[in-house]
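Shown next: work.csv, containing CSV, C-alpha atoms.
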```
chain,number,residue,atom,x,y,z
A,1,MET,CA,0.0,0.0,0.0
A,2,ALA,CA,2.9,2.3,0.7
A,3,PHE,CA,4.1,1.8,-2.8
A,4,ILE,CA,0.7,2.6,-4.3
A,5,HIS,CA,0.5,5.8,-2.2
A,6,LEU,CA,3.8,7.0,-3.5
A,7,ASP,CA,2.8,6.3,-7.0
A,8,ILE,CA,-0.4,8.5,-6.7
A,9,ARG,CA,1.7,11.3,-5.3
A,10,CYS,CA,4.1,11.2,-8.2
A,11,LEU,CA,1.2,11.2,-10.6
A,12,TYR,CA,-0.3,14.3,-8.9
A,13,ILE,CA,3.0,16.1,-9.1
A,14,LEU,CA,3.4,15.1,-12.7
A,15,LEU,CA,-0.1,16.5,-13.5
A,16,ILE,CA,0.8,19.8,-11.9
A,17,CYS,CA,4.1,20.1,-13.7
A,18,THR,CA,2.4,19.2,-17.0
A,19,ALA,CA,-0.3,21.9,-16.5
A,20,PHE,CA,2.4,24.5,-15.5
A,21,GLY,CA,4.5,23.6,-18.5
A,22,SER,CA,1.6,23.9,-20.8
A,23,THR,CA,0.8,27.4,-19.4
A,24,LEU,CA,4.4,28.4,-20.0
A,25,SER,CA,4.4,27.0,-23.5
A,26,SER,CA,1.2,28.8,-24.3
A,27,ASN,CA,2.8,32.2,-23.2
A,28,ALA,CA,6.2,31.4,-24.6
A,29,GLY,CA,5.4,32.9,-28.0
A,30,ILE,CA,3.8,36.1,-26.5
A,31,LYS,CA,6.2,39.0,-26.8
A,32,VAL,CA,5.5,42.7,-26.4
A,33,ASN,CA,7.8,45.5,-27.5
A,34,PRO,CA,9.1,48.2,-25.1
A,35,PRO,CA,7.6,51.7,-25.3
A,36,GLN,CA,8.9,53.9,-28.1
A,37,ASP,CA,10.6,57.3,-28.0
A,38,PHE,CA,11.3,57.2,-24.3
A,39,GLU,CA,12.9,60.5,-23.2
A,40,ILE,CA,13.5,62.9,-20.3
A,41,VAL,CA,12.4,66.4,-21.2
A,42,ASP,CA,13.5,69.5,-19.2
A,43,PRO,CA,10.8,72.3,-19.6
A,44,GLY,CA,13.1,74.8,-17.8
A,45,TYR,CA,11.5,74.5,-14.3
A,46,LEU,CA,14.8,74.1,-12.4
A,47,GLY,CA,14.5,70.4,-11.8
A,48,TYR,CA,10.8,69.5,-12.6
A,49,LEU,CA,11.2,67.1,-15.5
A,50,TYR,CA,8.9,65.3,-17.8
A,51,LEU,CA,9.4,61.6,-18.6
A,52,GLN,CA,7.4,60.7,-21.7
A,53,TRP,CA,7.1,57.9,-24.2
A,54,GLN,CA,4.9,56.4,-27.0
A,55,PRO,CA,3.1,53.1,-27.1
A,56,PRO,CA,5.0,50.0,-28.3
A,57,LEU,CA,4.8,48.7,-31.8
A,58,SER,CA,2.2,46.0,-32.7
A,59,LEU,CA,-0.2,46.6,-29.9
A,60,ASP,CA,-3.1,45.6,-32.2
A,61,ASN,CA,-2.4,41.9,-31.3
A,62,PHE,CA,-3.2,42.5,-27.6
A,63,LYS,CA,-6.6,44.3,-27.7
A,64,GLU,CA,-8.0,41.9,-25.1
A,65,CYS,CA,-5.1,42.7,-22.6
A,66,THR,CA,-4.5,45.5,-20.2
A,67,VAL,CA,-1.4,47.5,-21.3
A,68,GLU,CA,0.5,49.2,-18.5
A,69,TYR,CA,4.0,50.7,-18.1
A,70,GLU,CA,6.4,50.2,-15.2
A,71,LEU,CA,8.6,53.2,-14.8
A,72,LYS,CA,11.7,53.4,-12.6
A,73,TYR,CA,13.8,56.6,-12.1
A,74,ARG,CA,16.3,58.2,-9.8
A,75,ASN,CA,19.2,60.6,-9.5
A,76,ILE,CA,22.2,58.7,-10.7
A,77,ASP,CA,24.0,58.5,-7.3
A,78,SER,CA,20.8,57.5,-5.4
A,79,ALA,CA,20.7,54.1,-3.7
A,80,SER,CA,17.1,53.3,-4.7
A,81,TRP,CA,14.8,53.6,-7.6
A,82,LYS,CA,11.3,55.2,-7.5
A,83,THR,CA,8.8,52.9,-9.2
A,84,ILE,CA,5.5,53.9,-10.9
A,85,ILE,CA,3.0,51.7,-12.7
A,86,THR,CA,0.8,53.7,-15.0
A,87,LYS,CA,-1.4,53.5,-18.1
A,88,ASN,CA,-0.5,57.0,-19.1
A,89,LEU,CA,2.2,58.0,-21.6
A,90,HIS,CA,4.0,60.6,-19.4
A,91,TYR,CA,5.0,61.2,-15.8
A,92,LYS,CA,6.4,64.3,-14.0
A,93,ASP,CA,8.6,64.7,-10.9
A,94,GLY,CA,11.3,66.8,-9.4
A,95,PHE,CA,15.0,66.0,-9.5
A,96,ASP,CA,18.2,67.4,-8.2
A,97,LEU,CA,19.9,68.9,-11.2
A,98,ASN,CA,23.2,69.1,-9.4
A,99,LYS,CA,23.3,65.4,-10.4
A,100,GLY,CA,22.4,63.3,-13.4
A,101,VAL,CA,19.1,61.6,-13.9
A,102,GLU,CA,18.4,58.1,-15.2
A,103,ALA,CA,15.2,56.2,-15.9
A,104,LYS,CA,14.0,53.0,-17.5
A,105,ILE,CA,10.6,51.7,-18.6
A,106,HIS,CA,9.0,48.6,-19.9
A,107,THR,CA,5.6,47.4,-21.1
A,108,LEU,CA,3.4,45.1,-19.0
A,109,LEU,CA,0.7,42.9,-20.5
A,110,LEU,CA,-1.9,41.2,-18.4
A,111,GLY,CA,-5.3,39.7,-19.3
A,112,GLN,CA,-7.1,37.2,-21.6
A,113,CYS,CA,-4.5,37.3,-24.3
A,114,THR,CA,-1.8,36.1,-21.9
A,115,ASN,CA,-3.9,33.5,-20.1
A,116,GLY,CA,-3.9,35.7,-17.0
A,117,SER,CA,-0.2,35.8,-16.6
A,118,GLU,CA,2.0,38.9,-16.8
A,119,VAL,CA,4.2,39.5,-19.9
A,120,GLN,CA,7.0,42.0,-19.7
A,121,SER,CA,8.9,43.7,-22.5
A,122,SER,CA,12.6,44.5,-22.4
A,123,TRP,CA,13.6,47.8,-20.8
A,124,SER,CA,14.0,51.1,-22.6
A,125,GLU,CA,16.4,53.6,-20.9
A,126,ALA,CA,17.0,57.3,-20.9
A,127,THR,CA,19.4,59.7,-19.1
A,128,TYR,CA,19.6,63.4,-18.6
A,129,TRP,CA,22.1,65.7,-17.1
A,130,ILE,CA,23.2,69.4,-17.4
A,131,SER,CA,26.7,69.8,-18.7
A,132,PRO,CA,28.5,71.5,-15.8
A,133,GLN,CA,30.2,74.9,-16.6
A,134,GLY,CA,32.6,76.5,-14.2
A,135,ASN,CA,34.7,75.0,-11.5
A,136,LEU,CA,33.1,73.4,-8.5
A,137,GLU,CA,34.6,76.1,-6.2
A,138,THR,CA,32.6,78.8,-8.0
A,139,LYS,CA,29.3,77.5,-6.6
A,140,ILE,CA,27.7,79.4,-3.8
A,141,GLN,CA,28.3,78.1,-0.2
A,142,ASP,CA,26.1,77.7,2.8
A,143,MET,CA,22.7,78.1,1.2
A,144,ASP,CA,20.2,78.7,4.0
A,145,CYS,CA,16.4,79.2,3.5
A,146,VAL,CA,14.0,80.0,6.3
A,147,TYR,CA,10.2,80.5,6.0
A,148,TYR,CA,9.6,83.0,8.8
A,149,ASN,CA,6.4,82.5,10.6
A,150,TRP,CA,4.8,80.9,7.5
A,151,GLU,CA,4.7,84.4,6.0
A,152,TYR,CA,7.9,85.3,4.2
A,153,LEU,CA,10.8,83.4,2.8
A,154,LEU,CA,14.4,84.5,3.1
A,155,CYS,CA,17.3,82.7,1.5
A,156,SER,CA,21.0,83.6,2.0
A,157,TRP,CA,24.3,82.3,0.8
A,158,LYS,CA,28.0,82.9,0.7
A,159,PRO,CA,30.0,83.4,-2.5
A,160,GLY,CA,32.1,80.5,-3.9
A,161,MET,CA,35.7,80.2,-2.9
A,162,GLY,CA,37.1,80.4,-6.4
A,163,VAL,CA,35.2,83.4,-7.9
A,164,HIS,CA,36.8,86.6,-9.3
A,165,PHE,CA,36.1,90.0,-7.9
A,166,ASP,CA,33.6,90.8,-10.8
A,167,ALA,CA,31.4,87.7,-10.1
A,168,ASN,CA,27.8,88.1,-8.9
A,169,TYR,CA,25.0,85.7,-8.3
A,170,ASN,CA,21.3,85.6,-9.3
A,171,LEU,CA,18.5,83.5,-7.9
A,172,PHE,CA,15.6,82.0,-9.9
A,173,TYR,CA,12.7,80.1,-8.5
A,174,TRP,CA,9.6,78.1,-9.6
A,175,TYR,CA,6.8,76.0,-8.1
A,176,GLU,CA,3.8,74.3,-9.6
A,177,GLY,CA,1.2,77.0,-10.2
A,178,LEU,CA,3.6,79.6,-11.7
A,179,ASP,CA,3.5,80.1,-15.4
A,180,HIS,CA,7.2,80.5,-15.7
A,181,VAL,CA,10.4,80.8,-13.7
A,182,LEU,CA,10.8,84.0,-11.8
A,183,GLN,CA,13.9,85.9,-10.7
A,184,CYS,CA,14.4,87.3,-7.2
A,185,ALA,CA,13.0,90.9,-7.2
A,186,ASN,CA,14.5,91.9,-3.8
A,187,TYR,CA,18.1,90.9,-3.3
A,188,ILE,CA,20.0,91.2,-0.1
A,189,LYS,CA,23.4,92.8,-0.8
A,190,ALA,CA,26.8,93.1,0.8
A,191,ASN,CA,29.5,95.2,-0.9
A,192,ARG,CA,27.1,95.6,-3.9
A,193,LYS,CA,27.1,91.7,-4.3
A,194,ASN,CA,23.9,89.6,-4.0
A,195,ILE,CA,24.1,87.4,-0.9
A,196,GLY,CA,20.5,86.6,-0.4
A,197,CYS,CA,16.9,87.1,-1.5
A,198,MET,CA,13.8,88.3,0.3
A,199,PHE,CA,10.8,86.7,-1.5
A,200,PRO,CA,7.4,88.3,-2.0
A,201,TYR,CA,4.2,86.7,-0.8
A,202,LEU,CA,4.2,83.2,-2.3
A,203,GLU,CA,0.6,82.4,-3.1
A,204,SER,CA,-0.4,78.7,-3.0
A,205,SER,CA,3.2,77.5,-2.5
A,206,ASP,CA,2.7,75.3,0.6
A,207,TYR,CA,3.0,71.5,0.3
A,208,LYS,CA,4.6,71.8,-3.1
A,209,ASP,CA,8.2,71.3,-4.3
A,210,PHE,CA,9.9,74.8,-4.4
A,211,TYR,CA,12.7,74.9,-6.9
A,212,ILE,CA,15.6,77.3,-6.7
A,213,CYS,CA,18.6,77.9,-8.9
A,214,VAL,CA,21.4,80.2,-8.0
A,215,ASN,CA,23.8,80.9,-10.9
A,216,GLY,CA,26.4,83.5,-11.5
A,217,SER,CA,27.9,85.9,-14.0
A,218,SER,CA,31.4,87.0,-14.5
A,219,GLU,CA,33.3,88.4,-17.5
A,220,SER,CA,36.4,86.3,-16.7
A,221,GLN,CA,35.1,82.9,-15.7
A,222,PHE,CA,32.1,80.5,-15.8
A,223,ILE,CA,30.1,80.1,-12.6
A,224,ARG,CA,28.8,76.7,-11.6
A,225,PRO,CA,25.0,76.9,-10.9
A,226,SER,CA,23.5,75.4,-7.7
A,227,TYR,CA,20.0,73.7,-7.6
A,228,PHE,CA,17.8,73.3,-4.5
A,229,ILE,CA,14.4,71.8,-3.8
A,230,PHE,CA,12.5,72.7,-0.6
A,231,GLN,CA,9.0,72.2,0.7
A,232,LEU,CA,8.3,75.5,2.4
A,233,GLN,CA,6.2,74.1,5.3
A,234,ASN,CA,9.3,72.1,6.3
A,235,ILE,CA,11.5,75.2,6.8
A,236,VAL,CA,9.1,77.3,8.8
A,237,LYS,CA,10.5,79.2,11.8
A,238,PRO,CA,7.6,80.5,14.0
A,239,LEU,CA,7.6,83.2,16.6
A,240,PRO,CA,8.0,82.3,20.2
A,241,PRO,CA,5.1,82.8,22.6
A,242,ASP,CA,5.0,86.4,23.9
A,243,TYR,CA,3.1,85.9,27.1
A,244,LEU,CA,3.9,83.4,29.9
A,245,SER,CA,2.2,82.7,33.1
A,246,LEU,CA,3.6,80.6,36.1
A,247,THR,CA,1.2,80.0,39.0
A,248,VAL,CA,1.8,77.9,42.1
A,249,LYS,CA,-1.6,76.3,42.8
A,250,ASN,CA,-0.7,74.8,46.2
A,251,SER,CA,2.3,73.5,47.9
A,252,GLU,CA,3.0,71.0,45.1
A,253,GLU,CA,1.2,71.8,41.9
A,254,ILE,CA,2.5,74.4,39.4
A,255,ASN,CA,0.6,75.6,36.3
A,256,LEU,CA,2.6,76.8,33.3
A,257,LYS,CA,0.7,78.6,30.6
A,258,TRP,CA,1.7,80.6,27.5
A,259,SER,CA,0.1,82.4,24.6
A,260,ILE,CA,-0.1,80.8,21.1
A,261,PRO,CA,2.5,82.5,18.9
A,262,LYS,CA,1.1,85.3,16.7
A,263,GLY,CA,0.7,84.8,12.9
A,264,PRO,CA,-1.0,82.6,10.4
A,265,ILE,CA,0.1,79.2,11.8
A,266,PRO,CA,-2.9,77.3,13.1
A,267,ALA,CA,-2.8,76.5,16.9
A,268,LYS,CA,-3.0,72.7,16.1
A,269,CYS,CA,0.3,73.0,14.1
A,270,PHE,CA,2.5,73.8,17.1
A,271,ILE,CA,4.7,71.8,19.3
A,272,TYR,CA,6.4,73.5,22.3
A,273,GLU,CA,9.6,72.9,24.1
A,274,ILE,CA,9.6,74.0,27.8
A,275,GLU,CA,12.7,74.6,29.8
A,276,PHE,CA,11.8,74.6,33.5
A,277,THR,CA,14.2,75.5,36.4
A,278,GLU,CA,13.5,74.8,40.1
A,279,ASP,CA,16.3,76.5,42.0
A,280,ASP,CA,19.5,75.0,40.5
A,281,THR,CA,17.8,72.0,38.7
A,282,THR,CA,16.7,72.4,35.0
A,283,TRP,CA,14.8,69.9,32.8
A,284,VAL,CA,13.2,70.1,29.4
A,285,THR,CA,9.9,68.7,28.1
A,286,THR,CA,7.7,69.0,25.0
A,287,THR,CA,3.9,69.3,24.5
A,288,VAL,CA,1.4,70.2,21.8
A,289,GLU,CA,-0.7,72.1,24.3
A,290,ASN,CA,0.0,75.6,25.4
A,291,GLU,CA,-0.5,74.7,29.1
A,292,ILE,CA,1.0,72.0,31.4
A,293,TYR,CA,0.8,71.1,35.1
A,294,ILE,CA,3.9,69.9,36.9
A,295,THR,CA,4.7,68.8,40.4
A,296,ARG,CA,7.0,70.8,42.6
A,297,THR,CA,9.9,68.6,43.8
A,298,SER,CA,10.4,70.5,47.1
A,299,ASN,CA,8.3,72.7,49.2
A,300,GLU,CA,11.4,74.6,50.1
A,301,SER,CA,12.3,75.7,46.6
A,302,GLN,CA,12.8,79.4,46.5
A,303,GLN,CA,12.6,80.1,42.7
A,304,LEU,CA,10.7,78.6,39.8
A,305,CYS,CA,11.4,79.7,36.2
A,306,PHE,CA,10.5,78.6,32.7
A,307,LEU,CA,10.7,79.7,29.1
A,308,VAL,CA,9.2,78.3,25.9
A,309,ARG,CA,10.0,78.0,22.2
A,310,SER,CA,7.8,76.7,19.4
A,311,LYS,CA,8.0,74.7,16.2
A,312,VAL,CA,5.6,73.4,13.5
A,313,ASN,CA,4.7,69.8,14.5
A,314,ILE,CA,4.5,66.6,12.5
A,315,TYR,CA,0.8,67.0,11.8
A,316,CYS,CA,1.5,70.0,9.6
A,317,SER,CA,5.1,69.4,8.3
A,318,ASP,CA,7.8,66.8,8.0
A,319,ASP,CA,10.2,69.0,9.8
A,320,GLY,CA,10.6,72.6,11.0
A,321,ILE,CA,12.9,75.1,12.7
A,322,TRP,CA,12.6,76.0,16.4
A,323,SER,CA,11.7,79.6,17.2
A,324,GLU,CA,13.8,81.7,19.5
A,325,TRP,CA,13.2,81.2,23.2
A,326,SER,CA,10.6,83.4,24.8
A,327,GLU,CA,11.4,85.7,27.7
A,328,GLU,CA,11.8,83.9,31.0
A,329,GLN,CA,8.9,83.9,33.5
A,330,CYS,CA,9.7,83.3,37.2
A,331,TRP,CA,8.1,82.9,40.6
A,332,LYS,CA,10.0,83.6,43.8
A,333,ASP,CA,9.0,82.5,47.3
A,334,PHE,CA,9.5,85.8,49.2
A,335,SER,CA,8.1,84.2,52.3
A,336,TYR,CA,11.2,82.0,52.6
A,337,LYS,CA,13.3,85.0,53.9
A,338,LYS,CA,10.6,85.8,56.5
A,339,ARG,CA,10.5,82.2,57.7
A,340,SER,CA,14.3,82.0,57.9
A,341,LEU,CA,14.4,84.9,60.3
A,342,PHE,CA,12.6,83.0,63.0
```

Here is a file; write its structure as structure tokens.
Amino acid sequence: MAFIHLDIRCLYILLICTAFGSTLSSNAGIKVNPPQDFEIVDPGYLGYLYLQWQPPLSLDNFKECTVEYELKYRNIDSASWKTIITKNLHYKDGFDLNKGVEAKIHTLLLGQCTNGSEVQSSWSEATYWISPQGNLETKIQDMDCVYYNWEYLLCSWKPGMGVHFDANYNLFYWYEGLDHVLQCANYIKANRKNIGCMFPYLESSDYKDFYICVNGSSESQFIRPSYFIFQLQNIVKPLPPDYLSLTVKNSEEINLKWSIPKGPIPAKCFIYEIEFTEDDTTWVTTTVENEIYITRTSNESQQLCFLVRSKVNIYCSDDGIWSEWSEEQCWKDFSYKKRSLF
């Protein structure tokens, strides 16, 4: 009986392998071409590029199938690819133009014409890069952009190390919603050289990639341009609270309260860092509320002080910049001196 049981199992495996082999053989002759005319197009938006292609040849044979495209792309030195599956013939995204860009795409077939299995074409590839002009040392240094109180943007930089005396820099920017690239209209200057830009009101710019290029001009040398991509809500530096209150409720409980910082940032978007000092002991905590209760460690403490700073929290941004610290608010136990006299 053991021998018969083994024979049935072998027969079962043979049937599965035969069925699988017949499926493979039925799809073995199905081939689909890769997309045609795959290219990366730069419309001049400082890093916002178009990836576009045309349908593969001989698609008429696959009318009963779903045709999709798997697109992979990255900056050339990136460790990982971004992957998109789409039925469209184009895709748009932002790239760091300080580096090259590479992408590849192939056709995917799935449906009745392939007996339900997926058929893939070979890859079609494309690359894009800006030919660098000027030595690397001519690029600006220490680019710093801060979106103050979610109201106005200020960017500043230092000149490159290898620039001649006649070199000057210009800033250009773009984000989705603008018809074309704009140049800074209000430069910050030092010794008649541009070292920063104060931007005007940026309508509908939040939660979008904000593209900046700082290039330069000189009669005696080429200046290497620098490209940057920000999301403005991630570089917001709010104001600190301007009113603090410290109340000793009883011998142990202390109430710390402060005003919500002024400006357009919603109250729900703040996180606060509190530095609290009891005599010579200091500790720090955070909260999303503008009020906390703490327990006094000693009834004999003579002075309690605290100060607060604010930042946009994770519910409204991926990151942010801490505000300056508020003015310190203190409570002193004046009765201690009277008690110590007796």

| query | Which residues come within 9 Å of Ser301 in chain A, counting all atoms listed in the file, excluding same-chain residues fewer than 6 positions away, as number ranges by chain? | reply | A: 278-279, 332-333, 336

| task | State, in Å with one decimal place, the distance from CA of Val181 in chain A to CA of Lys208 in chain A. | result |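 Interatomic distance here is 15.1 Å.
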
| task | Quick one: pull the distance between CA of Asn61 in chain A and CA of Ile30 in chain A, Å, one decimal. | result |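 We find that CA of Asn61 in chain A and CA of Ile30 in chain A lie 9.8 Å from each other.
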
| said: I'd like to know which of A:Phe222, A:Trp325, A:Trp174, A:Tyr169 is closest to Pro238 in chain A, using all atoms listed in the file. | reply: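 Checking each candidate against Pro238 in chain A, we get A:Trp325 as the closest.
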
| Counting only C-alpha atoms, what is within 10 Å of Leu89 in chain A, bar same-chain residues fewer than 3 positions away, as a ChimeraX atom specification? | /A:35,38,51-55,68-69,86

| task | Would you kindly identify which residues have an atom no farther than 9 Å from (13.9, 70.1, -14.8), using all atoms listed in the file and the file's own coordinates, and write them out as a list of chain:residue names? | result | A:Val41, A:Asp42, A:Pro43, A:Gly44, A:Tyr45, A:Leu46, A:Gly47, A:Tyr48, A:Leu49, A:Tyr50, A:Asp93, A:Gly94, A:Phe95, A:Asp96, A:Leu97

| Å distance separating CA of Ile140 in chain A from CA of Gly100 in chain A, one decimal place |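 Computed distance, CA of Ile140 in chain A to CA of Gly100 in chain A, equals 19.5 Å.
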
| query | Using only C-alpha atoms, which of A:Tyr201, A:Phe270, A:Trp123, A:Tyr173 sits nearest Pro240 in chain A? | reply |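 Using only C-alpha atoms, Pro240 in chain A sits closest to A:Phe270.
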
| said: Report as a VMD selection string all protein, DNA and RNA residues lying within 9 Å of Pro132 in chain A, evaluated on all atoms listed in the file, omitting residues in the same chain fewer than 6 positions from it. | reply: chain A and resid 98 224 to 225

| Which neighbours of Glu203 in chain A fall inside 12 Å, counting only C-alpha atoms, when residues of the same chain fewer than 2 positions from it are skipped, and could you give them as a PyMOL selection string? | chain A and resi 150-153+174-178+199-201+205-208+232

| request: Pick out the residues sitting within 7 Å of Arg74 in chain A, and hand them over as a list of chain:residue names; count only C-alpha atoms, and ignore anything fewer than 4 positions along from it in its own chain. | output: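 Here the qualifying residues turn out to be A:Ser78, A:Trp81, A:Lys82, A:Val101, A:Glu102, A:Ala103.
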
Generate the output file for the selected residues, C-alpha atoms, as a short mmCIF file (atom, residue, chain, number, x, y, z; two decimals), keeping the file's coordinate frame.
```cif
data_model
loop_
_atom_site.label_atom_id
_atom_site.label_comp_id
_atom_site.auth_asym_id
_atom_site.auth_seq_id
_atom_site.Cartn_x
_atom_site.Cartn_y
_atom_site.Cartn_z
CA SER A 78 20.80 57.50 -5.40
CA TRP A 81 14.80 53.60 -7.60
CA LYS A 82 11.30 55.20 -7.50
CA VAL A 101 19.10 61.60 -13.90
CA GLU A 102 18.40 58.10 -15.20
CA ALA A 103 15.20 56.20 -15.90
#
```

| note | Residue with the minimum atom-to-atom distance to Glu64 in chain A, picked from A:Ser323, A:Thr138, A:Gln36, A:Thr114 with only C-alpha atoms counted, is A:Thr114

| field | Point (-4.7, 45.8, -23.7) neighbourhood (10 Å, all atoms listed in the file) written as a ChimeraX atom specification | value | /A:59-68,108-113

| query | Which is closest to Val288 in chain A among A:Phe210, A:Tyr315, A:Tyr73, A:Phe306, if we use all atoms listed in the file? | reply | A:Tyr315

| task | For each of A:Thr295, A:Glu327, A:Asn168, A:Ile265, take the minimum atom-to-atom distance to Ser245 in chain A, counting only C-alpha atoms, then give the residue where this is smallest. | result |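 Between A:Thr295, A:Glu327, A:Asn168, A:Ile265, the residue approaching Ser245 in chain A most closely is A:Glu327.
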
| Nearest to Trp322 in chain A, chosen from A:Pro56, A:Pro241, A:Gly196, A:Gly116, with all atoms listed in the file counted in the distances |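 The closest residue to Trp322 in chain A is A:Pro241.
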
Return range 62-74 of chain A, completed with N, CA and C atoms, as a PDB file, keeping the file's coordinate frame.
```
ATOM      1  N   PHE A  62      -2.928  42.738 -29.061  1.00  0.00           N
ATOM      2  CA  PHE A  62      -3.200  42.500 -27.600  1.00  0.00           C
ATOM      3  C   PHE A  62      -4.403  43.389 -27.178  1.00  0.00           C
ATOM      4  N   LYS A  63      -5.433  43.457 -28.018  1.00  0.00           N
ATOM      5  CA  LYS A  63      -6.600  44.300 -27.700  1.00  0.00           C
ATOM      6  C   LYS A  63      -7.361  43.770 -26.492  1.00  0.00           C
ATOM      7  N   GLU A  64      -7.245  42.470 -26.217  1.00  0.00           N
ATOM      8  CA  GLU A  64      -8.000  41.900 -25.100  1.00  0.00           C
ATOM      9  C   GLU A  64      -7.165  41.971 -23.794  1.00  0.00           C
ATOM     10  N   CYS A  65      -6.024  42.599 -23.823  1.00  0.00           N
ATOM     11  CA  CYS A  65      -5.100  42.700 -22.600  1.00  0.00           C
ATOM     12  C   CYS A  65      -5.081  44.125 -22.123  1.00  0.00           C
ATOM     13  N   THR A  66      -4.790  44.232 -20.848  1.00  0.00           N
ATOM     14  CA  THR A  66      -4.500  45.500 -20.200  1.00  0.00           C
ATOM     15  C   THR A  66      -3.027  45.857 -20.482  1.00  0.00           C
ATOM     16  N   VAL A  67      -2.778  47.049 -20.990  1.00  0.00           N
ATOM     17  CA  VAL A  67      -1.400  47.500 -21.300  1.00  0.00           C
ATOM     18  C   VAL A  67      -1.051  48.558 -20.214  1.00  0.00           C
ATOM     19  N   GLU A  68       0.011  48.286 -19.465  1.00  0.00           N
ATOM     20  CA  GLU A  68       0.500  49.200 -18.500  1.00  0.00           C
ATOM     21  C   GLU A  68       2.020  49.400 -18.680  1.00  0.00           C
ATOM     22  N   TYR A  69       2.565  50.382 -17.973  1.00  0.00           N
ATOM     23  CA  TYR A  69       4.000  50.700 -18.100  1.00  0.00           C
ATOM     24  C   TYR A  69       4.579  50.734 -16.663  1.00  0.00           C
ATOM     25  N   GLU A  70       5.697  50.069 -16.467  1.00  0.00           N
ATOM     26  CA  GLU A  70       6.400  50.200 -15.200  1.00  0.00           C
ATOM     27  C   GLU A  70       7.621  51.098 -15.437  1.00  0.00           C
ATOM     28  N   LEU A  71       7.607  52.208 -14.691  1.00  0.00           N
ATOM     29  CA  LEU A  71       8.600  53.200 -14.800  1.00  0.00           C
ATOM     30  C   LEU A  71       9.479  53.268 -13.570  1.00  0.00           C
ATOM     31  N   LYS A  72      10.792  53.269 -13.733  1.00  0.00           N
ATOM     32  CA  LYS A  72      11.700  53.400 -12.600  1.00  0.00           C
ATOM     33  C   LYS A  72      12.654  54.581 -12.910  1.00  0.00           C
ATOM     34  N   TYR A  73      12.927  55.406 -11.885  1.00  0.00           N
ATOM     35  CA  TYR A  73      13.800  56.600 -12.100  1.00  0.00           C
ATOM     36  C   TYR A  73      14.474  56.969 -10.808  1.00  0.00           C
ATOM     37  N   ARG A  74      15.575  57.700 -10.948  1.00  0.00           N
ATOM     38  CA  ARG A  74      16.300  58.200  -9.800  1.00  0.00           C
ATOM     39  C   ARG A  74      17.404  59.162 -10.234  1.00  0.00           C
TER      40      ARG A  74
END
```
